[in-house]
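*Asks:* This is the structure I want to talk about, given as structure tokens.
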Amino acid sequence: MKLLMIFLLFSMSILASEELKVSVSPSSPVKGESFNLIFEINTDSDDEPFVSFSPNGLEVLGRNREVSLRTSIINGKFTSSRTIKMVYDVVADRAKTVLINDISVKVSGNELKHKPLRIQILSKRKEPSEIFLKVETSKDNVFIGEGVDVRYYLYYRVPVVQTEFKSFPKLNGFIKRFHKVDDREEAVEYEGRAYRRSLKYSARVYPEKTGQLKIDPLRLNIQYASGSGNPFGTFGLSFKRFKRKGVNSENQMITVKPLPVENIPLNFTGLVGKHEFTYSVNKEKFVVNEAIEGRLEVVGSGALEKMDAPVLYRDPSLEKFDTKSDFFEIGLDRGRKVFNYTLLARADSTLPKRNLELSYFDPDEENYVSFELLIPKLEIGGGSLEIQSSSGNSEPVAPKKADESFNKITTNVSINSPLFSEHWSSLPIRWPRYLMFFLLAIILIQTLEISTFYFRKKNTGNGFDEVIDSMKKSGITYSGLAKLLLDKKYSDTPERVNLRTRIDRLTLSSSDKKYFLDTLNTLEKETFSSNKERKRKVRFRKKAFKSLKKELNNENYE
């Protein structure tokens with residue numbers, strides 16, 4: 001019984017040492033604004049607690065951990081305990097009553113349970129907060145494709161020490177242009193109270209579909225100064241305690257209307273907002289098979305990123321290539337898009353100057369506006385030529401029609417046509433013919449040099465390479481070295497010169513000559529000596545044999 005009582009008392013003391021508290025900060029949270037769900041665990045253990053609960057409609061954004069230690073002396077004995085705070089950053093999307101249940105914390109083998117926690121989510125603050133994040137839009141009722149400026153401001157009445165971005169808005173359903181933010185402070189009034197605010201995030205967006213589109217929230221972690229102590233403490237300076245808080249803006253909806261379908265122009269560019277169009281070409285007169293380069297520049301407030309290149313020419317004498325485009329921002333609400341057209345003149349033609357009508361939608365007037373784009377005149381020649389004798393008595397050659405596909409241009413005779421010809425021999429100077437002869441001569445010389453090189457390699461390199469390959473595998477031999485040095489192709493015959501003399505006459509480096517002389521001495525001792533000593537393997541020096549091969553080839557072709 002005594003042992004049982006001691007065990008029960010010991011167990012009760014362990015249970016008493018573990019304590020769990022759950023709270024909410026602020027006590028009256030507001031929909032769309034994050035708040036803290038705090039689990040405070042008092043324990044004597046060094047183990048990490050494991051927290052579990054059912055959020056039941058709350059979105060968990062993140063978690064922080066804070067630890068504090070407390071030491072006391074009781075009856076001359078030191079006792080210490082830890083307080084661990086597990087702070088969950090949560091948010092509710094609408095005003096409602098949330099019941100947090102299944103609250104459990106496991107630490108040092110024990111499980112601490114807590115009764116369900118009821119939280120009332122308000123639709124609006126009872127009083128303005130000291131710090132909050134607010135999204136502001138330039139319009140909340142727009143047409144599809146119309147630009148909207150979206151800005152996220154941080155409002156505060158206490159000093160903000162640090163700002164950390166937790167999550168950015170996705171802005172699904174919009175084309176987005178993000179802006180560089182100037183976060184300078186400015187003094188403003190909000191709901192009758194003075195605040196300071198700074199811009200934290202900014203973008204210009206263009207809705208891509210109709211209906212209700214959501215401007216989702218921006219979430220920040222804020223560190224700010226709060227509270228004051230003895231004004232005479234800390235050398236007369238007031239003391240402030242730093243706190244952390246998660247803030248996020250509320251969701252905001254934008255109504256997007258479709259464009260009117262009545263009287264929509266055939267040449268509608270798809271742009272919404274006022275725009276200016278400018279077109280130019282590199283010149284006005286071209287010859288057949290010459291490239292025509294055009295540039296269309298569009299400046300305005302619409303979603304130029306999605307604009308396609310308008311069709312400017314439909315003449316069959318022009319072959320069209322892919323149009324390239326570039327987009328540039330020229331302000332917070334305007335952009336510039338440049339289309340570079342490339343066409344190829346395929347036949348004689350004259351395209352007169354004309355006006356091409358393009359249109360955009362004006363959301364302020366709620367109607368379509370047309371614009372006349374000037375297309376310059378184009379003159380294409382060189383596909384026809386009239387030939388007349390110097391006496392002037394010959395009759396003109398009968399004209400020939402051009403092929404309809406313009407793939408093959410035939411001669412169309414006209415005394416008034418430009419004196420262009422597609423054949424180079426008809427040019428008044430003969431430099432193209434001379435240039436062709438010069439290029440043919442260079443090609444012939446290069447061909448002869450390549451043939452000579454391969455002929456030399458075939459007749460001289462193979463025998464040398466065979467001897468080298470054999471000595472690489474089986475070792476350097478006296479007979480092999482003599483075969484290389486005293487080949488019958490050279491002016492000195494083996495009967496008139498010995499190997500040492502032959503090596504001395506070569507224009508090799510001193511180190512290579514020394515290598516071959518040392519190798520020759522070693523091979524002579526092994527070959528002609530009467531002593532039956534174990535033969536040493538002579539080291540094969542690849543660089544020296546490469547120099548020797550080059551020297552022998554040069555002598556062979558002098």
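Following the order of the structure tokens, first chain is A, next is B, and so on, with residues numbered from 1 inside each chain and ligands from 1 in the order they appear.
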How close does each residue of stretch 30-65 of chain A get to stretch 77-98 of chain A, giving the shortest atom pair and distance in Å to one decimal for every residue with an atom at most 6 Å away, counting only C-alpha atoms, sorted by chain and residue number, as CSV?
*Replies:*
residue,atom,partner,partner_atom,distance
A:Lys31,CA,A:Arg94,CA,5.0
A:Gly32,CA,A:Asp93,CA,5.2
A:Glu33,CA,A:Val91,CA,5.9
A:Ser34,CA,A:Val91,CA,4.4
A:Phe35,CA,A:Val90,CA,5.6
A:Asn36,CA,A:Asp89,CA,4.9
A:Leu37,CA,A:Tyr88,CA,5.1
A:Ile38,CA,A:Val87,CA,4.6
A:Phe39,CA,A:Met86,CA,5.1
A:Glu40,CA,A:Lys85,CA,4.5
A:Ile41,CA,A:Ile84,CA,5.1
A:Asn42,CA,A:Thr83,CA,4.5
A:Thr43,CA,A:Arg82,CA,5.4
A:Asp44,CA,A:Ser81,CA,4.6
A:Leu58,CA,A:Ala92,CA,5.1
A:Glu59,CA,A:Val91,CA,5.3
A:Val60,CA,A:Val90,CA,4.4
A:Leu61,CA,A:Asp89,CA,5.3
A:Gly62,CA,A:Asp89,CA,5.2
A:Arg63,CA,A:Tyr88,CA,4.4
A:Asn64,CA,A:Val87,CA,5.1
A:Arg65,CA,A:Met86,CA,4.8
*Asks:* Considering only C-alpha atoms, return as a VMD selection string whatever protein or nucleic-acid residues lie within 12 Å of A:Lys113, sequence-local ones (same chain, fewer than 4 positions apart) excluded.
*Replies:* chain A and resid 15 18 to 22 39 41 50 to 53 101 to 107 117
*Asks:* I'd like to know which residues of stretch 37-169 of chain A are strand (DSSP E) (by DSSP, run on the backbone); could you write them as a VMD selection string?
*Replies:* chain A and resid 37 to 43 50 to 54 59 to 74 77 to 91 97 to 107 110 to 114 117 to 120 131 to 137 141 to 143 148 to 156 160 to 167
*Asks:* For the selection you just gave me, I'd like the residues written to a file as a PDB file, in the first residue's frame, keeping C-alpha atoms.
*Replies:*
ATOM      1  CA  LEU A  37      -4.419  30.827 -32.157  1.00  0.00           C
ATOM      2  CA  ILE A  38      -2.026  30.366 -29.197  1.00  0.00           C
ATOM      3  CA  PHE A  39      -1.214  27.067 -27.426  1.00  0.00           C
ATOM      4  CA  GLU A  40       0.730  27.742 -24.209  1.00  0.00           C
ATOM      5  CA  ILE A  41       2.379  24.634 -22.664  1.00  0.00           C
ATOM      6  CA  ASN A  42       4.055  24.764 -19.249  1.00  0.00           C
ATOM      7  CA  THR A  43       6.389  21.799 -18.747  1.00  0.00           C
ATOM      8  CA  PHE A  50       3.231  17.928 -30.574  1.00  0.00           C
ATOM      9  CA  VAL A  51       0.038  19.991 -31.091  1.00  0.00           C
ATOM     10  CA  SER A  52      -3.057  18.798 -32.942  1.00  0.00           C
ATOM     11  CA  PHE A  53      -6.522  20.316 -33.411  1.00  0.00           C
ATOM     12  CA  SER A  54      -9.383  20.553 -35.927  1.00  0.00           C
ATOM     13  CA  GLU A  59      -7.232  28.513 -42.963  1.00  0.00           C
ATOM     14  CA  VAL A  60      -3.867  27.959 -41.274  1.00  0.00           C
ATOM     15  CA  LEU A  61      -1.290  30.343 -42.775  1.00  0.00           C
ATOM     16  CA  GLY A  62       1.758  29.486 -40.676  1.00  0.00           C
ATOM     17  CA  ARG A  63       3.184  28.666 -37.268  1.00  0.00           C
ATOM     18  CA  ASN A  64       5.692  30.279 -34.866  1.00  0.00           C
ATOM     19  CA  ARG A  65       7.336  28.909 -31.728  1.00  0.00           C
ATOM     20  CA  GLU A  66       8.344  30.879 -28.632  1.00  0.00           C
ATOM     21  CA  VAL A  67      10.147  29.449 -25.565  1.00  0.00           C
ATOM     22  CA  SER A  68      10.680  31.098 -22.157  1.00  0.00           C
ATOM     23  CA  LEU A  69      12.493  29.628 -19.125  1.00  0.00           C
ATOM     24  CA  ARG A  70      11.695  30.243 -15.446  1.00  0.00           C
ATOM     25  CA  THR A  71      13.989  29.310 -12.537  1.00  0.00           C
ATOM     26  CA  SER A  72      13.130  29.522  -8.810  1.00  0.00           C
ATOM     27  CA  ILE A  73      14.690  28.482  -5.475  1.00  0.00           C
ATOM     28  CA  ILE A  74      12.428  26.639  -3.026  1.00  0.00           C
ATOM     29  CA  LYS A  77      16.653  23.799  -4.199  1.00  0.00           C
ATOM     30  CA  PHE A  78      16.681  25.093  -7.759  1.00  0.00           C
ATOM     31  CA  THR A  79      13.622  24.323  -9.830  1.00  0.00           C
ATOM     32  CA  SER A  80      13.090  25.309 -13.476  1.00  0.00           C
ATOM     33  CA  SER A  81      10.205  25.130 -15.888  1.00  0.00           C
ATOM     34  CA  ARG A  82       9.645  25.996 -19.556  1.00  0.00           C
ATOM     35  CA  THR A  83       6.760  27.784 -21.205  1.00  0.00           C
ATOM     36  CA  ILE A  84       6.407  26.908 -24.875  1.00  0.00           C
ATOM     37  CA  LYS A  85       4.047  28.932 -27.059  1.00  0.00           C
ATOM     38  CA  MET A  86       2.948  27.425 -30.353  1.00  0.00           C
ATOM     39  CA  VAL A  87       1.352  30.338 -32.261  1.00  0.00           C
ATOM     40  CA  TYR A  88      -0.717  29.476 -35.356  1.00  0.00           C
ATOM     41  CA  ASP A  89      -1.550  32.251 -37.826  1.00  0.00           C
ATOM     42  CA  VAL A  90      -5.126  31.603 -39.072  1.00  0.00           C
ATOM     43  CA  VAL A  91      -7.794  33.447 -41.035  1.00  0.00           C
ATOM     44  CA  THR A  97     -18.848  31.048 -35.236  1.00  0.00           C
ATOM     45  CA  VAL A  98     -15.922  28.610 -35.367  1.00  0.00           C
ATOM     46  CA  LEU A  99     -15.547  25.706 -32.911  1.00  0.00           C
ATOM     47  CA  ILE A 100     -11.958  24.488 -32.474  1.00  0.00           C
ATOM     48  CA  ASN A 101     -12.144  20.947 -31.112  1.00  0.00           C
ATOM     49  CA  ASP A 102      -9.984  17.810 -30.781  1.00  0.00           C
ATOM     50  CA  ILE A 103      -7.343  19.944 -29.061  1.00  0.00           C
ATOM     51  CA  SER A 104      -4.462  17.745 -27.884  1.00  0.00           C
ATOM     52  CA  VAL A 105      -0.798  18.276 -26.970  1.00  0.00           C
ATOM     53  CA  LYS A 106       1.669  15.411 -26.448  1.00  0.00           C
ATOM     54  CA  VAL A 107       4.817  16.157 -24.479  1.00  0.00           C
ATOM     55  CA  ASN A 110       1.925  12.623 -21.615  1.00  0.00           C
ATOM     56  CA  GLU A 111      -1.138  13.800 -23.554  1.00  0.00           C
ATOM     57  CA  LEU A 112      -2.779  17.068 -22.517  1.00  0.00           C
ATOM     58  CA  LYS A 113      -6.323  17.694 -23.707  1.00  0.00           C
ATOM     59  CA  HIS A 114      -8.338  20.899 -23.775  1.00  0.00           C
ATOM     60  CA  LEU A 117     -12.713  26.600 -28.042  1.00  0.00           C
ATOM     61  CA  ARG A 118     -15.471  28.768 -29.533  1.00  0.00           C
ATOM     62  CA  ILE A 119     -14.401  31.763 -31.654  1.00  0.00           C
ATOM     63  CA  GLN A 120     -16.753  34.452 -32.964  1.00  0.00           C
ATOM     64  CA  ILE A 131      -2.172  48.145 -38.054  1.00  0.00           C
ATOM     65  CA  PHE A 132      -4.040  46.768 -41.042  1.00  0.00           C
ATOM     66  CA  LEU A 133      -3.544  46.034 -44.763  1.00  0.00           C
ATOM     67  CA  LYS A 134      -5.991  47.360 -47.347  1.00  0.00           C
ATOM     68  CA  VAL A 135      -6.328  46.790 -51.106  1.00  0.00           C
ATOM     69  CA  GLU A 136      -7.505  49.664 -53.317  1.00  0.00           C
ATOM     70  CA  THR A 137      -8.521  49.411 -56.982  1.00  0.00           C
ATOM     71  CA  ASN A 141     -16.844  47.732 -62.581  1.00  0.00           C
ATOM     72  CA  VAL A 142     -15.008  47.329 -65.889  1.00  0.00           C
ATOM     73  CA  PHE A 143     -15.205  45.833 -69.378  1.00  0.00           C
ATOM     74  CA  VAL A 148      -7.419  48.235 -63.496  1.00  0.00           C
ATOM     75  CA  ASP A 149      -4.773  49.529 -61.073  1.00  0.00           C
ATOM     76  CA  VAL A 150      -4.467  47.416 -57.901  1.00  0.00           C
ATOM     77  CA  ARG A 151      -2.536  48.755 -54.895  1.00  0.00           C
ATOM     78  CA  TYR A 152      -2.000  47.203 -51.444  1.00  0.00           C
ATOM     79  CA  TYR A 153      -1.391  49.747 -48.640  1.00  0.00           C
ATOM     80  CA  LEU A 154      -0.226  49.110 -45.077  1.00  0.00           C
ATOM     81  CA  TYR A 155      -1.945  51.477 -42.590  1.00  0.00           C
ATOM     82  CA  TYR A 156      -0.424  51.918 -39.111  1.00  0.00           C
ATOM     83  CA  VAL A 160       6.604  49.476 -37.860  1.00  0.00           C
ATOM     84  CA  VAL A 161      10.089  48.019 -37.489  1.00  0.00           C
ATOM     85  CA  GLN A 162      10.094  45.273 -40.116  1.00  0.00           C
ATOM     86  CA  THR A 163       7.838  43.986 -42.883  1.00  0.00           C
ATOM     87  CA  GLU A 164       8.053  40.455 -44.279  1.00  0.00           C
ATOM     88  CA  PHE A 165       6.023  39.174 -47.245  1.00  0.00           C
ATOM     89  CA  LYS A 166       4.238  35.943 -46.406  1.00  0.00           C
ATOM     90  CA  SER A 167       2.228  35.313 -49.586  1.00  0.00           C
TER      91      SER A 167
END
*Asks:* Work out how far apart atom CA of A:Asn355 and atom CA of A:Glu329 are and give it in Å to one decimal.
*Replies:* 27.9 Å
*Asks:* Could you jot down the atom CA of A:Asn553 to atom CA of A:Lys525 separation for me, Å, one decimal place?
*Replies:*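 Here the two named atoms are 29.5 Å from each other.
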